[in-house]
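The next block is my_file.cif, given as mmCIF, C-alpha atoms and all ligand atoms.
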```cif
data_data
#
loop_
_atom_site.label_atom_id
_atom_site.label_comp_id
_atom_site.auth_asym_id
_atom_site.auth_seq_id
_atom_site.Cartn_x
_atom_site.Cartn_y
_atom_site.Cartn_z
CA HIS M 369 153.72 67.16 90.22
CA THR M 370 151.59 69.28 87.90
CA LEU M 371 154.76 71.20 87.04
CA SER M 372 156.02 68.49 84.71
CA THR M 373 152.62 67.28 83.52
CA SER M 374 151.22 68.43 80.20
CA PHE M 375 147.98 70.42 80.01
CA ASP M 376 146.37 67.56 78.08
CA VAL M 377 147.21 64.99 80.73
CA ARG M 378 146.06 67.34 83.49
CA ALA M 379 142.71 67.69 81.73
CA SER M 380 142.11 63.99 82.27
CA LEU M 381 143.21 63.73 85.91
CA PRO M 382 140.55 62.68 88.42
CA ASN M 383 138.84 65.53 90.31
CA THR M 384 139.35 67.93 87.43
CA SER M 385 136.13 69.88 87.04
CA PRO M 386 134.55 69.93 83.57
CA LEU M 387 135.32 73.60 83.00
CA ALA M 388 138.96 73.18 84.08
CA ALA M 389 139.25 70.17 81.78
CA TYR M 390 137.72 72.15 78.93
CA LEU M 391 140.11 75.08 79.47
CA LEU M 392 143.13 72.76 79.72
CA HIS M 393 142.20 71.12 76.42
CA LEU M 394 141.55 74.49 74.81
CA ILE M 395 144.99 75.71 75.95
CA ALA M 396 146.62 72.61 74.48
CA ILE M 397 144.77 72.89 71.16
CA LYS M 398 145.44 76.61 70.69
CA ARG M 399 148.94 76.26 72.12
CA SER M 400 148.10 79.34 74.15
CA ASN M 401 148.51 79.89 77.86
CA LEU M 402 147.96 83.61 77.40
CA CYS M 403 145.10 85.57 78.98
CA LEU M 404 144.55 89.08 77.67
CA SER M 405 143.58 91.60 80.32
CA ALA M 406 141.29 93.81 78.23
CA ASP M 407 141.29 96.83 80.53
CA VAL M 408 139.56 99.25 78.16
CA ASN M 409 136.86 101.88 78.65
CA THR M 410 134.49 101.35 75.74
CA THR M 411 132.61 98.50 74.13
CA ALA M 412 134.13 99.38 70.76
CA GLU M 413 137.68 99.05 72.13
CA LEU M 414 136.83 95.78 73.86
CA LEU M 415 135.42 94.21 70.72
CA GLU M 416 138.26 95.56 68.61
CA VAL M 417 140.99 94.10 70.80
CA ALA M 418 139.08 90.81 71.15
CA GLU M 419 139.03 90.50 67.35
CA GLU M 420 142.68 91.46 67.05
CA VAL M 421 144.14 89.04 69.60
CA GLY M 422 141.37 86.42 69.89
CA ASP M 423 143.30 83.77 67.96
CA SER M 424 146.29 84.05 70.30
CA ILE M 425 144.54 83.72 73.66
CA CYS M 426 142.80 81.04 75.72
CA LEU M 427 141.07 83.56 77.95
CA LEU M 428 139.95 87.17 77.79
CA LYS M 429 139.75 88.99 81.10
CA THR M 430 137.42 91.94 81.56
CA HIS M 431 136.82 94.66 84.12
CA ALA M 432 133.19 95.25 83.09
CA ASP M 433 132.83 98.11 85.58
CA ILE M 434 135.33 100.30 83.70
CA ILE M 435 133.45 100.05 80.39
CA ASN M 436 131.53 103.33 80.10
CA ASP M 437 128.89 102.01 77.74
CA PHE M 438 128.63 98.44 79.07
CA SER M 439 125.32 96.95 77.94
CA GLU M 440 123.62 93.85 76.63
CA LYS M 441 125.26 94.64 73.27
CA THR M 442 128.73 94.46 74.86
CA VAL M 443 127.95 91.01 76.16
CA ARG M 444 126.27 89.71 73.03
CA GLU M 445 129.06 90.80 70.73
CA LEU M 446 131.85 89.69 73.04
CA ARG M 447 130.21 86.25 73.32
CA GLU M 448 129.99 86.05 69.54
CA ILE M 449 133.72 86.75 69.18
CA ALA M 450 134.53 84.32 72.02
CA LYS M 451 132.63 81.58 70.26
CA ARG M 452 134.16 82.27 66.86
CA LYS M 453 137.74 82.81 68.08
CA ARG M 454 137.45 80.18 70.80
CA PHE M 455 138.36 81.68 74.12
CA LEU M 456 136.68 81.78 77.52
CA VAL M 457 135.68 84.99 79.30
CA PHE M 458 136.90 85.87 82.80
CA GLU M 459 135.37 88.83 84.65
CA ASP M 460 137.97 90.12 87.11
CA ARG M 461 135.39 91.17 89.72
CA LYS M 462 137.45 90.33 92.83
CA PHE M 463 134.41 89.68 95.02
CA GLY M 464 135.02 90.42 98.70
CA ASP M 465 131.84 90.65 100.77
CA ILE M 466 129.44 88.51 102.80
CA GLY M 467 127.78 85.60 101.02
CA SER M 468 124.38 87.20 100.62
CA THR M 469 125.83 90.34 99.03
CA VAL M 470 128.19 88.59 96.61
CA GLN M 471 125.33 86.44 95.35
CA LYS M 472 123.48 89.59 94.31
CA GLN M 473 126.59 91.23 92.89
CA TYR M 474 127.30 88.11 90.83
CA THR M 475 123.84 87.60 89.36
CA GLN M 476 122.04 90.96 89.43
CA GLY M 477 122.50 94.59 88.50
CA PRO M 478 123.70 96.08 85.23
CA LEU M 479 126.66 93.70 85.04
CA SER M 480 124.91 90.37 85.85
CA ILE M 481 128.29 88.65 85.61
CA ALA M 482 127.02 85.09 86.03
CA LYS M 483 125.12 85.44 82.78
CA TRP M 484 128.09 85.98 80.50
CA ALA M 485 131.44 85.14 82.15
CA GLU M 486 132.49 81.53 82.56
CA ILE M 487 135.11 82.52 85.14
CA THR M 488 135.29 85.12 87.87
CA ASN M 489 137.47 85.61 90.94
CA ALA M 490 137.14 86.30 94.65
CA HIS M 491 139.16 87.25 97.70
CA ILE M 492 138.83 84.93 100.67
CA PHE M 493 139.24 87.53 103.43
CA PRO M 494 135.48 87.36 104.22
CA GLY M 495 135.89 83.62 104.94
CA PRO M 496 134.93 80.45 103.04
CA ALA M 497 131.21 81.33 102.70
CA ILE M 498 132.16 83.60 99.81
CA VAL M 499 132.99 80.47 97.82
CA THR M 500 129.94 78.44 98.76
CA SER M 501 127.66 81.43 98.16
CA LEU M 502 129.08 82.13 94.70
CA LYS M 503 128.88 78.43 93.87
CA GLN M 504 125.22 78.35 94.90
CA ALA M 505 124.46 81.52 92.94
CA ALA M 506 126.13 80.12 89.83
CA ALA M 507 124.12 76.91 90.09
CA SER M 508 120.80 78.66 90.53
CA ALA M 509 121.51 81.26 87.84
CA ILE M 510 122.16 78.47 85.38
CA ALA M 511 119.18 76.43 86.55
CA SER M 512 116.87 79.40 86.26
CA TYR M 513 118.15 80.16 82.80
CA ASN M 514 117.70 76.56 81.72
CA SER M 515 114.18 76.44 83.06
CA SER M 516 113.46 79.80 81.45
CA VAL M 517 114.08 78.39 78.03
CA ASN M 518 112.14 75.22 78.69
CA THR M 519 109.11 76.27 80.69
CA GLU M 520 105.87 77.61 79.40
CA ILE M 521 103.07 78.91 81.54
CA SER M 522 99.53 79.33 80.59
CA VAL M 523 98.02 82.78 80.96
CA GLY M 524 94.28 82.70 80.52
CA SER M 525 92.86 80.48 77.83
CA PRO M 526 95.13 79.41 75.02
CA SER M 527 94.17 80.94 71.71
CA SER M 528 94.42 79.19 68.40
CA ASP M 529 97.02 81.74 67.38
CA ASN M 530 99.70 80.17 69.52
CA SER M 531 102.68 81.69 67.81
CA SER M 532 105.06 80.65 70.58
CA GLU M 533 104.92 77.17 69.06
CA ASP M 534 106.46 78.51 65.89
CA GLU M 535 109.51 79.77 67.70
CA PRO M 536 112.68 77.78 67.42
CA SER M 537 113.23 75.62 70.44
CA PRO M 538 116.42 76.10 72.40
CA VAL M 539 119.18 73.89 71.12
CA ASN M 540 121.45 72.54 73.80
CA GLY M 541 120.18 75.16 76.23
CA VAL M 542 121.03 78.00 73.88
CA ALA M 543 118.23 80.52 73.56
CA PRO M 544 117.06 81.50 70.10
CA SER M 545 118.94 84.54 68.93
CA HIS M 546 115.95 86.67 67.99
CA GLY M 547 114.92 87.49 71.55
CA VAL M 548 113.42 90.85 70.63
CA ASP M 549 110.99 89.26 68.17
CA ARG M 550 109.95 86.87 70.89
CA LEU M 551 109.22 89.74 73.25
CA HIS M 552 106.90 91.28 70.68
CA THR M 553 105.21 87.95 70.17
CA SER M 554 104.66 87.49 73.86
CA THR M 555 103.21 90.96 74.34
CA ARG M 556 100.73 90.31 71.59
CA ASP M 557 99.85 86.94 73.07
CA LEU M 558 99.51 88.41 76.53
CA ARG M 559 96.92 90.88 75.26
CA LYS M 560 95.03 87.98 73.77
CA SER M 561 95.36 85.99 77.01
CA SER M 562 97.21 83.42 75.06
CA VAL M 563 99.97 80.98 75.97
CA VAL M 564 103.08 82.87 76.94
CA SER M 565 106.54 81.52 77.33
CA ILE M 566 108.30 82.54 80.53
CA SER M 567 111.51 82.36 78.58
CA THR M 568 110.33 85.19 76.42
CA THR M 569 110.50 87.65 79.24
CA ILE M 570 113.67 86.39 80.85
CA SER M 571 115.75 85.84 77.77
CA THR M 572 114.98 89.24 76.34
CA LYS M 573 115.66 91.26 79.47
CA THR M 574 119.31 90.35 79.46
CA GLU M 575 121.57 88.27 77.34
CA PRO M 576 120.95 84.65 78.32
CA ILE M 577 123.62 82.82 80.22
CA SER M 578 126.01 81.90 77.52
CA PRO M 579 127.27 78.42 77.05
CA VAL M 580 130.93 77.69 77.16
CA PRO M 581 132.07 78.19 73.57
CA THR M 582 131.73 74.97 71.69
CA PRO M 583 134.76 74.68 69.44
CA TYR M 584 133.70 71.26 68.24
CA ILE M 585 130.81 72.80 66.33
CA ASP M 586 131.64 73.89 62.81
CA ASP M 587 130.44 77.47 62.86
CA GLY M 588 130.66 77.81 59.12
CA SER M 589 133.97 79.63 59.21
CA GLY M 590 135.65 76.51 57.91
CA SER M 591 138.22 76.65 60.68
CA ALA M 592 136.98 73.78 62.86
CA SER M 593 139.95 71.48 63.12
CA SER M 594 139.73 67.86 64.08
CA ALA M 595 141.31 68.77 67.41
CA PHE M 596 138.45 71.11 68.14
CA GLU M 597 135.97 68.46 67.04
CA ASN M 598 137.49 66.08 69.57
CA LEU M 599 137.10 68.55 72.40
CA GLY M 600 133.52 67.45 72.86
CA SER M 601 130.43 69.06 74.17
CA THR M 602 130.44 71.24 77.26
CA PRO M 603 127.31 72.30 79.14
CA TYR M 604 126.81 75.67 80.78
CA LEU M 605 129.47 75.95 83.43
CA ARG M 606 130.85 78.54 85.79
CA ALA M 607 134.05 78.53 87.82
CA LEU M 608 135.97 80.60 90.32
CA LEU M 609 139.59 81.62 90.82
CA LEU M 610 140.74 82.61 94.31
CA LEU M 611 143.18 85.46 94.86
CA ALA M 612 145.92 83.68 96.76
CA GLU M 613 148.72 86.14 96.01
CA MET M 614 148.91 89.54 94.36
CA SER M 615 151.41 91.20 92.09
CA SER M 616 151.39 94.62 93.73
CA GLU M 617 154.12 95.88 96.01
CA GLY M 618 153.44 95.53 99.75
CA ASN M 619 150.27 93.44 99.32
CA LEU M 620 149.08 91.42 102.31
CA LEU M 621 148.22 88.14 100.57
CA THR M 622 151.14 86.17 101.99
CA GLY M 623 152.06 83.28 104.28
CA GLU M 624 149.17 81.86 106.30
CA TYR M 625 146.61 83.79 104.22
CA THR M 626 147.81 82.07 101.04
CA THR M 627 147.84 78.68 102.80
CA GLN M 628 144.24 79.17 103.97
CA CYS M 629 143.25 80.08 100.45
CA VAL M 630 144.62 76.79 99.13
CA GLU M 631 142.77 74.90 101.88
CA ILE M 632 139.47 76.52 100.94
CA ALA M 633 140.08 75.76 97.26
CA ARG M 634 140.69 72.05 98.03
CA GLN M 635 137.36 71.86 99.83
CA HIS M 636 135.54 73.25 96.80
CA ASN M 637 137.50 71.99 93.84
CA ASP M 638 134.31 71.36 91.89
CA PHE M 639 133.91 75.16 91.58
CA VAL M 640 137.35 76.62 92.35
CA ILE M 641 139.53 75.81 89.35
CA GLY M 642 142.62 77.67 90.45
CA PHE M 643 144.35 80.74 91.77
CA ILE M 644 145.50 84.18 90.89
CA ALA M 645 149.01 83.80 92.24
CA GLN M 646 152.64 84.47 91.49
CA ARG M 647 153.66 80.79 91.61
CA SER M 648 152.13 77.32 91.50
CA LEU M 649 150.45 76.42 94.79
CA ASN M 650 149.87 72.76 93.87
CA GLU M 651 151.58 70.85 96.66
CA GLN M 652 149.53 67.76 97.39
CA GLU M 653 149.44 64.82 95.00
CA SER M 654 145.79 65.47 94.21
CA ASP M 655 146.16 69.24 93.56
CA ASN M 656 145.50 70.20 89.95
CA PHE M 657 144.72 73.89 90.26
CA LEU M 658 145.36 76.27 87.40
CA THR M 659 147.72 79.08 88.32
CA MET M 660 147.09 82.36 86.54
CA THR M 661 149.64 85.10 87.00
CA PRO M 662 149.23 88.83 86.45
CA GLY M 663 152.07 91.32 86.59
CA VAL M 664 153.67 90.01 83.40
CA SER M 665 155.42 92.03 80.73
CA LEU M 666 158.18 91.66 78.21
CA PRO M 667 160.69 94.49 78.07
CA PRO M 668 160.73 96.11 74.64
CA PRO M 669 163.43 94.64 72.41
CA GLY M 670 166.77 96.30 73.23
CA LYS M 671 165.57 97.54 76.63
CA GLU M 672 166.04 94.35 78.65
CA ASN M 673 167.04 96.26 81.75
CA ALA M 674 164.05 98.59 81.77
CA ASN M 675 162.46 99.22 85.16
CA MET M 676 159.79 96.55 85.64
CA GLY M 677 156.94 98.42 87.27
CA ASP M 678 154.22 100.93 86.44
CA GLY M 679 154.99 103.49 89.16
CA GLN M 680 151.69 102.63 90.89
CA GLY M 681 152.69 99.49 92.74
CA GLN M 682 152.39 97.00 89.90
CA GLN M 683 155.43 94.70 89.67
CA TYR M 684 156.27 92.86 86.47
CA ASN M 685 158.03 89.62 85.67
CA THR M 686 158.70 87.99 82.33
CA PRO M 687 156.58 85.11 80.94
CA ARG M 688 159.62 82.84 81.15
CA HIS M 689 160.17 83.63 84.82
CA VAL M 690 156.56 83.04 85.91
CA VAL M 691 155.93 79.92 83.80
CA LEU M 692 159.30 78.17 83.85
CA GLU M 693 160.71 79.23 87.20
CA MET M 694 157.54 79.81 89.26
CA GLY M 695 155.39 77.08 87.72
CA SER M 696 152.50 79.29 86.63
CA ASP M 697 150.18 77.98 83.92
CA VAL M 698 148.58 81.06 82.37
CA ILE M 699 150.07 84.53 82.05
CA ILE M 700 147.75 87.52 82.31
CA VAL M 701 148.91 90.46 80.24
CA GLY M 702 147.25 93.87 79.98
CA ARG M 703 149.22 96.97 79.07
CA GLY M 704 152.10 94.94 77.65
CA ILE M 705 149.77 94.06 74.76
CA LEU M 706 147.20 96.87 74.85
CA GLN M 707 149.77 99.62 74.42
CA ALA M 708 151.60 97.97 71.54
CA GLU M 709 151.32 99.44 68.09
CA ASP M 710 150.54 96.03 66.59
CA ARG M 711 148.54 94.27 69.29
CA ALA M 712 148.04 91.04 67.32
CA ALA M 713 151.79 90.70 66.77
CA GLU M 714 152.55 91.57 70.38
CA ALA M 715 150.02 89.01 71.65
CA GLU M 716 151.73 86.40 69.48
CA ARG M 717 155.10 87.41 70.99
CA TYR M 718 153.72 86.83 74.50
CA ARG M 719 151.96 83.60 73.50
CA THR M 720 155.14 82.21 71.94
CA GLU M 721 157.27 83.11 74.98
CA ALA M 722 154.81 81.66 77.49
CA TRP M 723 154.28 78.51 75.44
CA ALA M 724 158.02 77.94 75.02
CA ALA M 725 158.47 78.33 78.78
CA TYR M 726 155.70 75.78 79.38
CA GLU M 727 157.21 73.29 76.92
CA ARG M 728 160.56 73.71 78.55
CA ARG M 729 158.99 73.19 81.98
CA ILE M 730 157.39 69.89 81.02
CA LYS M 731 160.59 69.12 79.02
CA LEU M 732 159.00 68.61 75.64
O1 LIG M 801 149.29 93.86 82.74
P1 LIG M 801 148.67 95.03 83.46
O2 LIG M 801 149.54 95.52 84.60
O3 LIG M 801 148.29 96.14 82.54
O4 LIG M 801 147.28 94.54 84.05
C1 LIG M 801 147.20 93.53 85.03
C2 LIG M 801 145.78 93.13 85.24
C3 LIG M 801 144.86 94.21 85.80
C4 LIG M 801 144.76 93.89 87.28
O5 LIG M 801 143.48 94.23 87.81
C5 LIG M 801 144.95 92.36 87.32
O6 LIG M 801 145.73 92.04 86.17
N1 LIG M 801 145.66 91.85 88.52
C6 LIG M 801 145.09 90.82 89.30
C7 LIG M 801 143.99 89.98 88.88
C8 LIG M 801 143.94 89.43 87.57
O7 LIG M 801 143.17 89.58 89.66
C9 LIG M 801 145.68 90.45 90.51
C10 LIG M 801 146.95 91.00 90.85
O8 LIG M 801 147.54 90.60 91.84
N2 LIG M 801 147.51 91.90 90.02
C11 LIG M 801 146.90 92.33 88.86
O9 LIG M 801 147.51 93.17 88.17
O10 LIG M 801 143.58 94.07 85.19
#
```

I need this file expressed as structure tokens, please.
Ligand code: 6AU
Amino acid sequence: HTLSTSFDVRASLPNTSPLAAYLLHLIAIKRSNLCLSADVNTTAELLEVAEEVGDSICLLKTHADIINDFSEKTVRELREIAKRKRFLVFEDRKFGDIGSTVQKQYTQGPLSIAKWAEITNAHIFPGPAIVTSLKQAAASAIASYNSSVNTEISVGSPSSDNSSEDEPSPVNGVAPSHGVDRLHTSTRDLRKSSVVSISTTISTKTEPISPVPTPYIDDGSGSASSAFENLGSTPYLRALLLLAEMSSEGNLLTGEYTTQCVEIARQHNDFVIGFIAQRSLNEQESDNFLTMTPGVSLPPPGKENANMGDGQGQQYNTPRHVVLEMGSDVIIVGRGILQAEDRAAEAERYRTEAWAAYERRIKL
């Protein structure tokens, strides 16, 4: 029944997790069910394409492990663009290991995905513990971040020069932006055996867990519309997509495997917000999963019969086919946009096509 229901109405259905509701509203406000797959190899290219197409997308998907110079700067600047242009970030990590290992892969290492991506994805071939483990890791990563910005410990005897008191307090769980200054402050205080904030160390080591962008806040750009204002406040949230089907030729995610995936998602619909799939898998009355579909491209104008593949197993369908005929909600487009001469214009072409297919599907 989600096929004929608008994104706005779906945002308000019972059992819709806060992040899914937020994304559904964001999609409706931006009139964009387009996710850019930003498969680029440098931070500069990532930021450039995010600026160029940010207004046209609801979601930006990354493969952080293909960015040669991925660093804290990559994350900080991407988050700044995401906040300003109002899109969520989805790290396409495709987790696929035992629970204990995926927890570490999600929260540790040079990528520390849980700190900066609202959404990530996982295969279910290791069994359902991959979902519960990622859910647990997301919860504790957020809790530890929140406590890091709120907790102070006393090291030795407090001195009168307690400069940590002068630091701006976190607003809404958001760490102060001048983390490096705070590190210097804490080092000085530590030498003096003064009061040191735990947050100082944690929030300067890596970019703090970012909040979901808050479109309702006027960021000074003058572009906050009343619709964005109505979207309301969203706390730090993380969510998961399960790979239920793939776009590549000869893949094994079919039949009973896909059915099992949907079952697992239903049992954890507070964390699993949807699927990577080629068609809607919402079958039960209570299902309200978001379907996100990769393997989407538009043939260049005048070449409607062009071969729809990349010669390496990828299979492409049009936005209209996946959204209108297969019931998908969000199209994921990489090279179709990245290789265009005018990427902003091409993103708009995809957004318009996918949105028209959605409006036709719900018969607006
Ligand atoms: O549009 P493309 O072909 O340039 O890029 C498609 C993007 C790539 C793939 O890693 C990803 O979508 N992808 C996925 C995802 C999103 O999980 C699943 C799948 O079945 N096929 C697929 O292409 O970044």

For ligand LIG 801 (chain M), which of M:Asp433, M:Glu651, M:Glu445, M:Glu413 is the closest residue, counting all atoms listed in the file?
-> M:Asp433

With 8 Å added on each side, what axis-aligned box encloses every listed atom of ligand LIG 801 (chain M)? Give the centre and edge lengths in Å to one decimal, as AutoDock Vina command-line options.
```
--center_x 146.4 --center_y 92.8 --center_z 87.2 --size_x 22.4 --size_y 22.7 --size_z 25.3
```

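Of the listed residues (M:Phe493, M:Tyr684, M:Tyr474, M:Phe657), M:Tyr684 comes nearest to ligand LIG 801 (chain M); the distances count all atoms listed in the file.
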
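Of note, atom P1 of ligand LIG 801 (chain M) and atom CA of M:Leu427 are spaced 14.8 Å apart.
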
Contacts of ligand LIG 801 (chain M), 10 Å or closer, all atoms listed in the file, given as a ChimeraX atom specification = /M:403-408,429-431,458-462,488-491,609-617,619,621,643-646,660-665,677-678,680-684,699-707

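Between atom CA of M:Val417 and atom CA of M:Lys441 the interatomic distance comes to 15.9 Å.
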
For M:Asp710, list every protein, DNA or RNA residue within 10 Å, evaluated using all atoms listed in the file, and leave out those in the same chain fewer than 5 positions away; present the list as number ranges by chain.
-> M: 420-421, 705, 715

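In this model, the gap between atom CA of M:Cys426 and atom CA of M:Asn401 comes to 6.2 Å.
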
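Shortest atom-to-atom contact with M:Pro494 among M:Val698, M:Ala450, M:Leu456, M:Cys629: M:Cys629, counting all atoms listed in the file.
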
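The point (156.3, 78.0, 79.5) has these residues within 9 Å of it, counting all atoms listed in the file: Asn401, Pro687, Arg688, His689, Val690, Val691, Leu692, Glu693, Gly695, Ser696, Asp697, Val698, Thr720, Glu721, Ala722, Trp723, Ala724, Ala725, Tyr726, Glu727, Arg728, Arg729 and Ile730 of chain M.
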
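For M:Ile641, the residues within 8 Å (counting all atoms listed in the file, excluding itself and residues fewer than 2 positions away along the chain) are M:Ser385, M:Leu387, M:Ala388, M:Ala607, M:Leu608, M:Leu609, M:Ala633, M:Asn637, M:Asp638, M:Phe639, M:Phe643, M:Phe657, M:Leu658.
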
Could you pull out every residue with an atom within 12 Å of (131.4, 89.1, 71.7), file coordinates, counting all atoms listed in the file, and send them as a PyMOL selection string?
-> chain M and resi 411-419+422+428+430+439-457+484-485+575+578+581
